[in-house]
Structures are given as structure tokens and as C-alpha cells.
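A.B. asks: So here's run.txt (compact mmCIF, C-alpha atoms and all ligand atoms).
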# COMPACT_ATOMS: atom_id res chain seq x y z
CA MET A 571 -23.47 34.04 -0.24
CA ASP A 572 -26.02 31.20 -0.30
CA ARG A 573 -25.68 28.10 1.85
CA ASP A 574 -24.11 25.86 -0.80
CA THR A 575 -21.52 28.46 -1.62
CA ALA A 576 -20.74 29.16 2.03
CA GLN A 577 -20.36 25.43 2.77
CA LEU A 578 -18.05 24.88 -0.16
CA GLN A 579 -15.97 27.93 0.76
CA ALA A 580 -15.68 26.67 4.34
CA ASN A 581 -14.57 23.22 3.17
CA LEU A 582 -12.08 24.77 0.79
CA ASP A 583 -10.64 26.97 3.54
CA ALA A 584 -10.32 23.95 5.83
CA ILE A 585 -8.52 21.90 3.16
CA ARG A 586 -6.15 24.73 2.34
CA ALA A 587 -5.40 25.10 6.04
CA ARG A 588 -4.65 21.36 6.28
CA ILE A 589 -2.41 21.54 3.20
CA GLY A 590 -0.65 24.56 4.69
CA ALA A 591 -0.10 22.84 8.02
CA ALA A 592 1.18 19.66 6.35
CA CYS A 593 3.59 21.70 4.24
CA ARG A 594 4.85 23.62 7.26
CA SER A 595 5.60 20.47 9.21
CA ALA A 596 7.34 18.98 6.17
CA GLY A 597 9.33 22.18 5.57
CA ARG A 598 7.69 22.57 2.16
CA ASP A 599 6.22 25.54 0.30
CA PRO A 600 2.41 25.20 -0.04
CA GLY A 601 2.80 26.66 -3.52
CA GLU A 602 4.39 23.33 -4.55
CA VAL A 603 1.20 21.39 -3.83
CA ARG A 604 -1.67 21.45 -6.30
CA LEU A 605 -5.14 20.84 -4.94
CA LEU A 606 -7.08 18.81 -7.51
CA PRO A 607 -10.77 18.83 -6.61
CA VAL A 608 -12.31 15.44 -7.41
CA THR A 609 -15.80 15.98 -8.75
CA LYS A 610 -17.22 12.54 -9.55
CA THR A 611 -20.97 12.44 -8.74
CA VAL A 612 -20.98 16.23 -8.20
CA GLY A 613 -23.44 17.94 -10.55
CA ALA A 614 -22.70 20.75 -12.96
CA ASP A 615 -24.55 23.29 -10.78
CA ARG A 616 -22.22 22.76 -7.84
CA LEU A 617 -19.24 22.84 -10.19
CA ARG A 618 -20.33 26.31 -11.28
CA ILE A 619 -20.18 27.36 -7.65
CA ALA A 620 -16.74 25.77 -7.31
CA HIS A 621 -15.58 27.66 -10.36
CA ALA A 622 -16.98 30.92 -8.95
CA LEU A 623 -14.89 30.26 -5.82
CA GLY A 624 -11.79 30.09 -7.98
CA LEU A 625 -11.34 26.37 -8.64
CA ARG A 626 -10.06 25.86 -12.16
CA GLN A 627 -9.54 22.12 -12.52
CA PHE A 628 -11.79 19.17 -11.85
CA GLY A 629 -10.76 15.53 -11.51
CA GLU A 630 -13.19 12.94 -12.83
CA ASN A 631 -13.06 9.14 -12.97
CA LYS A 632 -15.46 8.30 -15.76
CA VAL A 633 -15.05 9.65 -19.24
CA GLN A 634 -18.72 9.88 -20.09
CA GLU A 635 -19.69 11.59 -16.84
CA ALA A 636 -16.84 14.06 -17.34
CA LEU A 637 -17.66 14.68 -20.99
CA GLY A 638 -21.25 15.53 -20.08
CA LYS A 639 -20.13 18.03 -17.46
CA SER A 640 -17.50 19.55 -19.73
CA GLU A 641 -20.23 20.21 -22.28
CA ALA A 642 -22.60 21.64 -19.66
CA LEU A 643 -19.84 23.94 -18.42
CA ALA A 644 -18.29 24.83 -21.76
CA ASP A 645 -19.01 28.52 -21.13
CA LEU A 646 -16.75 28.68 -18.05
CA PRO A 647 -13.33 30.18 -18.78
CA ASP A 648 -9.98 28.57 -17.91
CA LEU A 649 -11.33 25.21 -16.83
CA ARG A 650 -9.11 22.11 -16.99
CA TRP A 651 -10.54 18.59 -16.99
CA VAL A 652 -8.36 15.93 -15.42
CA LEU A 653 -9.18 12.26 -15.89
CA ILE A 654 -8.04 10.23 -12.89
CA GLY A 655 -9.73 6.90 -13.61
CA HIS A 656 -8.89 3.87 -15.71
CA LEU A 657 -9.50 4.43 -19.42
CA GLN A 658 -10.55 1.78 -21.88
CA THR A 659 -9.13 2.09 -25.38
CA ASN A 660 -12.59 2.42 -26.92
CA LYS A 661 -13.18 5.53 -24.78
CA ALA A 662 -9.98 7.24 -25.88
CA ARG A 663 -11.77 9.19 -28.58
CA TYR A 664 -14.09 10.78 -26.00
CA ALA A 665 -11.21 11.61 -23.67
CA ALA A 666 -9.32 13.23 -26.53
CA ARG A 667 -12.18 15.67 -27.05
CA PHE A 668 -12.06 17.45 -23.73
CA ALA A 669 -9.45 16.11 -21.29
CA ASP A 670 -6.49 18.35 -20.50
CA GLU A 671 -4.72 15.79 -18.35
CA PHE A 672 -4.87 12.03 -17.83
CA GLN A 673 -3.45 10.63 -14.58
CA ALA A 674 -4.14 6.92 -15.01
CA LEU A 675 -1.96 5.79 -17.91
CA ASP A 676 -1.00 2.17 -17.35
CA SER A 677 -0.77 0.47 -20.73
CA LEU A 678 0.81 1.02 -24.12
CA ARG A 679 -2.52 0.20 -25.77
CA VAL A 680 -4.17 3.13 -24.05
CA ALA A 681 -1.18 5.37 -24.80
CA GLN A 682 -1.45 4.43 -28.47
CA ALA A 683 -5.22 4.91 -28.65
CA LEU A 684 -5.10 8.25 -26.90
CA ASP A 685 -2.15 9.52 -28.94
CA THR A 686 -3.86 8.60 -32.21
CA GLN A 687 -7.08 10.38 -31.22
CA LEU A 688 -5.25 13.44 -29.92
CA GLN A 689 -3.13 13.71 -33.05
CA SER A 690 -6.19 13.65 -35.26
CA ARG A 691 -7.52 16.60 -33.26
CA GLY A 692 -4.20 18.42 -33.15
CA ARG A 693 -4.22 18.30 -29.35
CA ALA A 694 -1.73 17.26 -26.67
CA ILE A 695 -2.40 16.54 -22.98
CA ASP A 696 -0.45 16.11 -19.77
CA VAL A 697 -0.10 12.54 -18.59
CA LEU A 698 0.84 10.78 -15.37
CA VAL A 699 1.68 7.08 -15.19
CA GLN A 700 -0.42 5.22 -12.62
CA VAL A 701 1.55 2.94 -10.34
CA ASN A 702 0.08 0.24 -8.11
CA THR A 703 2.10 0.89 -4.96
CA SER A 704 -0.08 -1.18 -2.63
CA GLY A 705 0.32 -4.50 -4.43
CA GLU A 706 -3.44 -5.08 -4.19
CA ASP A 707 -4.76 -6.75 -7.33
CA THR A 708 -7.95 -4.67 -7.10
CA LYS A 709 -6.02 -1.57 -8.06
CA PHE A 710 -5.16 -0.44 -11.54
CA GLY A 711 -1.66 0.73 -12.37
CA LEU A 712 1.67 -0.78 -13.26
CA ALA A 713 3.78 -2.63 -10.75
CA PRO A 714 6.67 -0.36 -9.69
CA ASP A 715 9.28 -2.57 -11.36
CA GLU A 716 7.43 -2.36 -14.71
CA VAL A 717 7.46 1.41 -14.78
CA PRO A 718 11.02 2.19 -15.99
CA ALA A 719 10.67 0.09 -19.16
CA PHE A 720 7.17 1.45 -19.73
CA VAL A 721 8.33 5.06 -19.46
CA ARG A 722 11.09 4.40 -22.00
CA GLN A 723 8.39 3.65 -24.60
CA LEU A 724 6.47 6.88 -24.05
CA PRO A 725 8.46 9.31 -26.23
CA ALA A 726 6.89 7.50 -29.19
CA PHE A 727 3.56 9.15 -28.33
CA SER A 728 4.09 12.78 -29.19
CA SER A 729 0.67 14.02 -27.99
CA LEU A 730 1.30 12.74 -24.47
CA ARG A 731 3.31 15.15 -22.33
CA VAL A 732 4.52 12.89 -19.54
CA ARG A 733 4.77 14.80 -16.25
CA GLY A 734 5.12 12.24 -13.48
CA LEU A 735 3.43 9.50 -11.51
CA MET A 736 0.10 8.87 -9.76
CA THR A 737 -0.95 6.32 -7.17
CA LEU A 738 -3.84 5.26 -4.95
CA ALA A 739 -2.46 4.15 -1.60
CA LEU A 740 -3.80 1.29 0.44
CA PHE A 741 -7.16 2.26 1.99
CA SER A 742 -6.41 2.05 5.67
CA ASP A 743 -6.48 4.22 8.79
CA ASP A 744 -3.11 2.82 9.70
CA ALA A 745 -0.45 5.34 8.62
CA ALA A 746 2.22 2.68 9.00
CA ARG A 747 0.63 0.78 6.12
CA VAL A 748 -0.30 3.78 3.96
CA ARG A 749 2.99 5.67 4.14
CA PRO A 750 5.09 2.99 2.38
CA CYS A 751 2.89 3.40 -0.72
CA PHE A 752 3.76 7.08 -0.89
CA VAL A 753 7.44 6.41 -0.18
CA ARG A 754 7.50 3.85 -2.99
CA LEU A 755 6.09 6.35 -5.49
CA ARG A 756 8.55 9.07 -4.48
CA GLU A 757 11.54 6.74 -4.65
CA LEU A 758 10.45 5.51 -8.06
CA ARG A 759 10.06 9.10 -9.29
CA ASP A 760 13.53 10.00 -7.97
CA ARG A 761 15.05 7.02 -9.74
CA LEU A 762 13.22 7.77 -13.01
CA ARG A 763 14.41 11.35 -12.89
CA GLN A 764 17.94 10.02 -13.37
CA GLU A 765 17.12 7.68 -16.23
CA ALA A 766 14.01 9.08 -17.97
CA PRO A 767 14.40 9.69 -21.71
CA ASP A 768 14.46 13.21 -23.17
CA GLY A 769 11.08 14.91 -23.23
CA ILE A 770 9.77 12.89 -20.28
CA ALA A 771 9.36 14.94 -17.10
CA MET A 772 9.15 13.31 -13.70
CA ASP A 773 8.13 16.22 -11.49
CA ASP A 774 4.52 15.60 -10.56
CA LEU A 775 3.67 13.14 -7.79
CA SER A 776 -0.11 12.78 -7.58
CA MET A 777 -0.86 11.02 -4.30
CA GLY A 778 -3.09 11.53 -1.29
CA MET A 779 -6.88 11.90 -1.00
CA SER A 780 -9.28 13.31 1.64
CA GLY A 781 -8.20 10.83 4.30
CA ASP A 782 -4.47 10.69 3.76
CA PHE A 783 -3.20 13.78 1.98
CA GLU A 784 -1.17 15.12 4.93
CA LEU A 785 0.85 11.91 4.91
CA ALA A 786 1.26 12.17 1.14
CA ILE A 787 2.49 15.77 1.44
CA ALA A 788 4.99 14.68 4.08
CA GLU A 789 6.30 12.17 1.52
CA GLY A 790 6.52 14.66 -1.33
CA ALA A 791 3.12 14.84 -3.05
CA THR A 792 2.88 17.71 -5.54
CA THR A 793 -0.79 16.99 -6.37
CA VAL A 794 -3.43 15.90 -3.86
CA ARG A 795 -6.79 14.67 -5.16
CA VAL A 796 -9.57 15.69 -2.80
CA GLY A 797 -13.24 14.81 -3.21
CA THR A 798 -15.16 14.03 -0.02
CA ALA A 799 -13.50 16.68 2.16
CA LEU A 800 -14.52 19.31 -0.36
CA PHE A 801 -17.91 18.21 -1.69
CA GLY A 802 -19.15 15.91 1.07
CA HIS A 803 -19.97 12.22 0.93
CA ARG A 804 -20.83 10.75 -2.42
CA PRO A 805 -24.21 9.12 -3.08
CA THR A 806 -22.62 6.35 -5.16
CA PRO A 807 -20.33 3.77 -3.56
CA ASP A 808 -16.73 3.98 -4.72
CA SER A 809 -16.97 0.45 -6.11
CA ALA A 810 -18.81 2.06 -9.02
CA TYR A 811 -15.68 4.04 -9.77
CA TRP A 812 -12.96 1.58 -8.91
CA PRO A 813 -13.95 -1.56 -10.74
CA ASP A 814 -12.04 -4.68 -9.98
CA PRO A 815 -9.55 -5.10 -12.86
CA SER A 816 -9.96 -8.88 -12.65
CA GLY A 817 -13.63 -8.37 -13.51
CA ALA A 818 -14.63 -10.43 -10.50
CA ALA A 819 -16.53 -7.78 -8.57
CA GLY A 820 -19.75 -6.06 -9.55
CA ALA A 821 -18.86 -2.73 -11.06
CA THR A 822 -18.97 -2.10 -14.77
CA PRO A 823 -15.78 -0.55 -16.08
CA ASP A 824 -16.34 2.77 -17.76
C1 LIG B 1 -12.57 9.55 -5.79
C2 LIG B 1 -11.09 9.65 -5.97
C3 LIG B 1 -10.31 10.50 -5.18
C4 LIG B 1 -10.88 11.36 -4.07
O1 LIG B 1 -11.23 10.57 -2.98
P1 LIG B 1 -11.76 11.27 -1.62
O2 LIG B 1 -11.46 10.25 -0.61
O3 LIG B 1 -13.21 11.51 -1.83
O4 LIG B 1 -11.00 12.52 -1.43
C5 LIG B 1 -8.96 10.58 -5.46
N1 LIG B 1 -8.38 9.85 -6.43
C6 LIG B 1 -9.10 9.02 -7.21
C7 LIG B 1 -8.41 8.25 -8.27
C8 LIG B 1 -10.47 8.90 -7.00
O5 LIG B 1 -11.17 8.06 -7.76
In C-alpha cells, what does this structure look like?
C.D. replies:
Amino acid sequence: MDRDTAQLQANLDAIRARIGAACRSAGRDPGEVRLLPVTKTVGADRLRIAHALGLRQFGENKVQEALGKSEALADLPDLRWVLIGHLQTNKARYAARFADEFQALDSLRVAQALDTQLQSRGRAIDVLVQVNTSGEDTKFGLAPDEVPAFVRQLPAFSSLRVRGLMTLALFSDDAARVRPCFVRLRELRDRLRQEAPDGIAMDDLSMGMSGDFELAIAEGATTVRVGTALFGHRPTPDSAYWPDPSGAAGATPD
């Protein structure tokens, strides 16, 4: 095993151990928690190594970056591409080409654009609705109280298989401030389970990242999105990936 492979395997083992420990203390089955490796800024060569180690889905923020990698890795079997970043309607046609799942749905315009593109390709994808549980206006996602009415519109888009909810918690080392974000998402999911229309599933709760996934698992996460802990620190600041929706801050939206 070369050094890159050994390092990645060691990181993967450590993350799985952390997931296992978090599940044990929450009385949960580790089989209920999906590890979604987040691969933004990670090159196709390292993704080949990740695939060789058994990883079969990659989470990416930017459509064009992900599309390029999906083409470079088209020969790898059983690979799922998961878009976890904000999508602009004019990028929907690229997403429809290769994405298997989209976790950041937060507008009917995007739902419409994506559904139209998917239908013309005869494809369907899994979708999570992104919720802004921190109340920060720098985060994408619907306000929790907007979500029930939004979800009621989604059966109109037959290429979108709605599976649940996604959130980015507050970025803070203070668990007392982070945990309420996760609690809010779980409570919303539980409520929507009662009232969601036919064909809309509310099982998946995508929450928790490298720094806070134990807390998210304690609050019911079924998907944790892990980048840094797996692949190391990213060369690009996260502001390049989380543009300010108000347009005030520097980053260019994808
Ligand atoms: C980058 C990113 C992650 C992973 O963050 P890490 O702290 O590196 O684990 C998770 N979710 C989203 C939406 C991201 O953009």
C-alpha cells in the first residue's frame, strides 16, 4: 500500500470508529448512518484511491467541478455522485447529466429546472430539502416554517425522489449552540413524516460534518458528510464553496 492509500485508509478507519462510538452511545445501529465522503477540491487521482478502498459515493459542492470528475472517473463501477451545494437554475442541465442525488433543494424554480432536465434524459434522482436551521442569513436553505408548504408542492416533480432533509449547522465549537440546529431538523422531519404527501419520503437526515458529526448522530443523523477528516485540509477556503446568498461577500456562486 503506498503512502496516500495508507493515509486515506487510516483516516477512514478513524472516522468509522468515531461513527461507531457515537452510535453506541446513542443506542443506534451504525448501519443506519451513511458516511458521505465530501470530495470538493480533491483530485480525480485520490478519488480513484478512495474508490479502491471501497467508497462508492462522493459529495461535491460545485456542479462543474463534479461534472469534470465524473467524466474523469466514468470507468469506475457503482459510483454515485451527490451534489450538496446550492444549484443555480442555469446549471440544472449539467447536474441532470451525472448527479444521482441532490441534497440542497431549496426553491421551486430549481425543482422545476432540474425536473425538466431529468425528464428529457429519462432520469430520476434522490433529493433532500435543505433547511436553514441556524437562522444565519449566510446559509442557503429554507426557513423551517417554510418547509411543510414547500414539500407539499414536490409531488409535481416526478423525476425528484424526495428522501428527507439536509442542514448545515452553525459553525461553532460550542455544542450548546450547534445541537439545537440538529434537533430542529429532526423535529421537522418527524412532523413532516405525519403530514408529507404520498410519494414523499422523510427518512434521510443529512447533518453533521468533520467537526460535529458525533453530535449529529446523537440527534438522529442518517447521513454524515465528511470532508476534512477524511481527505485532510482543503487548499481553497470554504468561502469559495459557501457563497453568501445575499451576494455581499466575495465568492462567486457556482
Ligand atoms: C465541505 C462540506 C462538508 C464537509 O465539511 P468538512 O468540515 O470538511 O467535513 C459537508 N457539507 C457541505 C455542504 C460541505 O460543503
A.B. asks: Which is closest to ligand LIG 1 (chain B) among A:Trp651, A:Phe752, A:Phe668, A:Trp812, if we use all atoms listed in the file?
C.D. replies: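 Between A:Trp651, A:Phe752, A:Phe668, A:Trp812, the residue approaching ligand LIG 1 (chain B) most closely is A:Trp812.
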A.B. asks: Please measure the separation of CA of Ala786 (chain A) and CA of Asn581 (chain A), giving the value in Å to one decimal.
C.D. replies: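 Value for the CA of Ala786 (chain A)-CA of Asn581 (chain A) distance: 19.4 Å.
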A.B. asks: Show me which residues are within 9 Å of ligand LIG 1 (chain B) counting all atoms listed in the file, and format the list as a ChimeraX atom specification.
C.D. replies: /A:606-610,629-631,653-656,673-674,736-738,776-783,794-804,808,811-812
A.B. asks: Counting all atoms listed in the file, select every polymer residue within 9 Å of (2.9, 17.2, -10.9) as defined in the file's coordinates, and provide the selection as a list in words.
C.D. replies: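 Residues found, by chain and rising number: Glu602, Val603, Arg604, Leu698, Arg733, Gly734, Leu735, Met736, Met772, Asp773, Asp774, Leu775, Ser776, Ala791, Thr792 and Thr793 of chain A.
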A.B. asks: Suppose we keep C-alpha atoms; can you now write the selection as a PDB file, keeping the file's coordinate frame?
C.D. replies:
ATOM      1  CA  GLU A 602       4.390  23.330  -4.550  1.00  0.00           C
ATOM      2  CA  VAL A 603       1.200  21.390  -3.830  1.00  0.00           C
ATOM      3  CA  ARG A 604      -1.670  21.450  -6.300  1.00  0.00           C
ATOM      4  CA  LEU A 698       0.840  10.780 -15.370  1.00  0.00           C
ATOM      5  CA  ARG A 733       4.770  14.800 -16.250  1.00  0.00           C
ATOM      6  CA  GLY A 734       5.120  12.240 -13.480  1.00  0.00           C
ATOM      7  CA  LEU A 735       3.430   9.500 -11.510  1.00  0.00           C
ATOM      8  CA  MET A 736       0.100   8.870  -9.760  1.00  0.00           C
ATOM      9  CA  MET A 772       9.150  13.310 -13.700  1.00  0.00           C
ATOM     10  CA  ASP A 773       8.130  16.220 -11.490  1.00  0.00           C
ATOM     11  CA  ASP A 774       4.520  15.600 -10.560  1.00  0.00           C
ATOM     12  CA  LEU A 775       3.670  13.140  -7.790  1.00  0.00           C
ATOM     13  CA  SER A 776      -0.110  12.780  -7.580  1.00  0.00           C
ATOM     14  CA  ALA A 791       3.120  14.840  -3.050  1.00  0.00           C
ATOM     15  CA  THR A 792       2.880  17.710  -5.540  1.00  0.00           C
ATOM     16  CA  THR A 793      -0.790  16.990  -6.370  1.00  0.00           C
TER      17      THR A 793
END
A.B. asks: Between A:Arg722, A:Arg693, A:Arg731, A:Arg650, which residue has the minimum interatomic distance to Leu762 (chain A), considering all atoms listed in the file?
C.D. replies: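 When distances to Leu762 (chain A) are compared using all atoms listed in the file, the smallest one comes from A:Arg722.
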A.B. asks: Which residue is closest to Ser677 (chain A)? Choose from A:Gly638, A:Phe710, A:Ala620, A:Val748 and count only C-alpha atoms.
C.D. replies: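 The answer is A:Phe710, which sits nearest to Ser677 (chain A).
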A.B. asks: Padding 4 Å on each side, edges along x, y and z: where is the centre of the box around the listed atoms of region 648-662 of chain A, and how long are its edges in Å to one decimal? Output it as AutoDock Vina command-line options.
C.D. replies:
--center_x -10.6 --center_y 15.2 --center_z -19.9 --size_x 13.1 --size_y 34.8 --size_z 22.0
A.B. asks: Pick the closest to Leu646 (chain A) from A:Arg667, A:Arg679, A:Arg598, A:Arg618: which is it, counting all atoms listed in the file?
C.D. replies: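 For Leu646 (chain A), the nearest of the given residues is A:Arg618.
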A.B. asks: Interatomic distance between CA of Ala576 (chain A) and CA of Leu785 (chain A)?
C.D. replies: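 Answer for the CA of Ala576 (chain A) to CA of Leu785 (chain A) separation: 27.8 Å.
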A.B. asks: Quick check, in Å to one decimal: how far apart do CA of Lys639 (chain A) and CA of Ile619 (chain A) lie?
C.D. replies: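 Atom-to-atom, CA of Lys639 (chain A) to CA of Ile619 (chain A), that is 13.5 Å.
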A.B. asks: Can you work out which one of A:Leu712, A:Ala681, A:Ile770, A:Met571 has the shortest atom-to-atom distance to Phe727 (chain A), counting all atoms listed in the file?
C.D. replies: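 Among the listed residues, A:Ala681 lies closest to Phe727 (chain A).
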A.B. asks: For the point (-16.4, 18.3, -22.0) in file coordinates, what residues are within 12 Å, counting only C-alpha atoms? Give the answer as a PyMOL selection string?
C.D. replies: chain A and resi 614+628+630+632-646+649-653+664-670
A.B. asks: Leaving out Leu740 (chain A) and any residue of its chain fewer than 3 positions from it, which residues lie within 9 Å of it when counting all atoms listed in the file, given as a PyMOL selection string?
C.D. replies: chain A and resi 703-706+747-749+751
A.B. asks: Kindly export the residues of the current selection with C-alpha atoms, as a short mmCIF file (atom, residue, chain, number, x, y, z; two decimals), in the coordinates of the input.
C.D. replies:
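Full text of result_17.cif as output:
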data_model
loop_
_atom_site.label_atom_id
_atom_site.label_comp_id
_atom_site.auth_asym_id
_atom_site.auth_seq_id
_atom_site.Cartn_x
_atom_site.Cartn_y
_atom_site.Cartn_z
CA THR A 703 2.10 0.89 -4.96
CA SER A 704 -0.08 -1.18 -2.63
CA GLY A 705 0.32 -4.50 -4.43
CA GLU A 706 -3.44 -5.08 -4.19
CA ARG A 747 0.63 0.78 6.12
CA VAL A 748 -0.30 3.78 3.96
CA ARG A 749 2.99 5.67 4.14
CA CYS A 751 2.89 3.40 -0.72
#
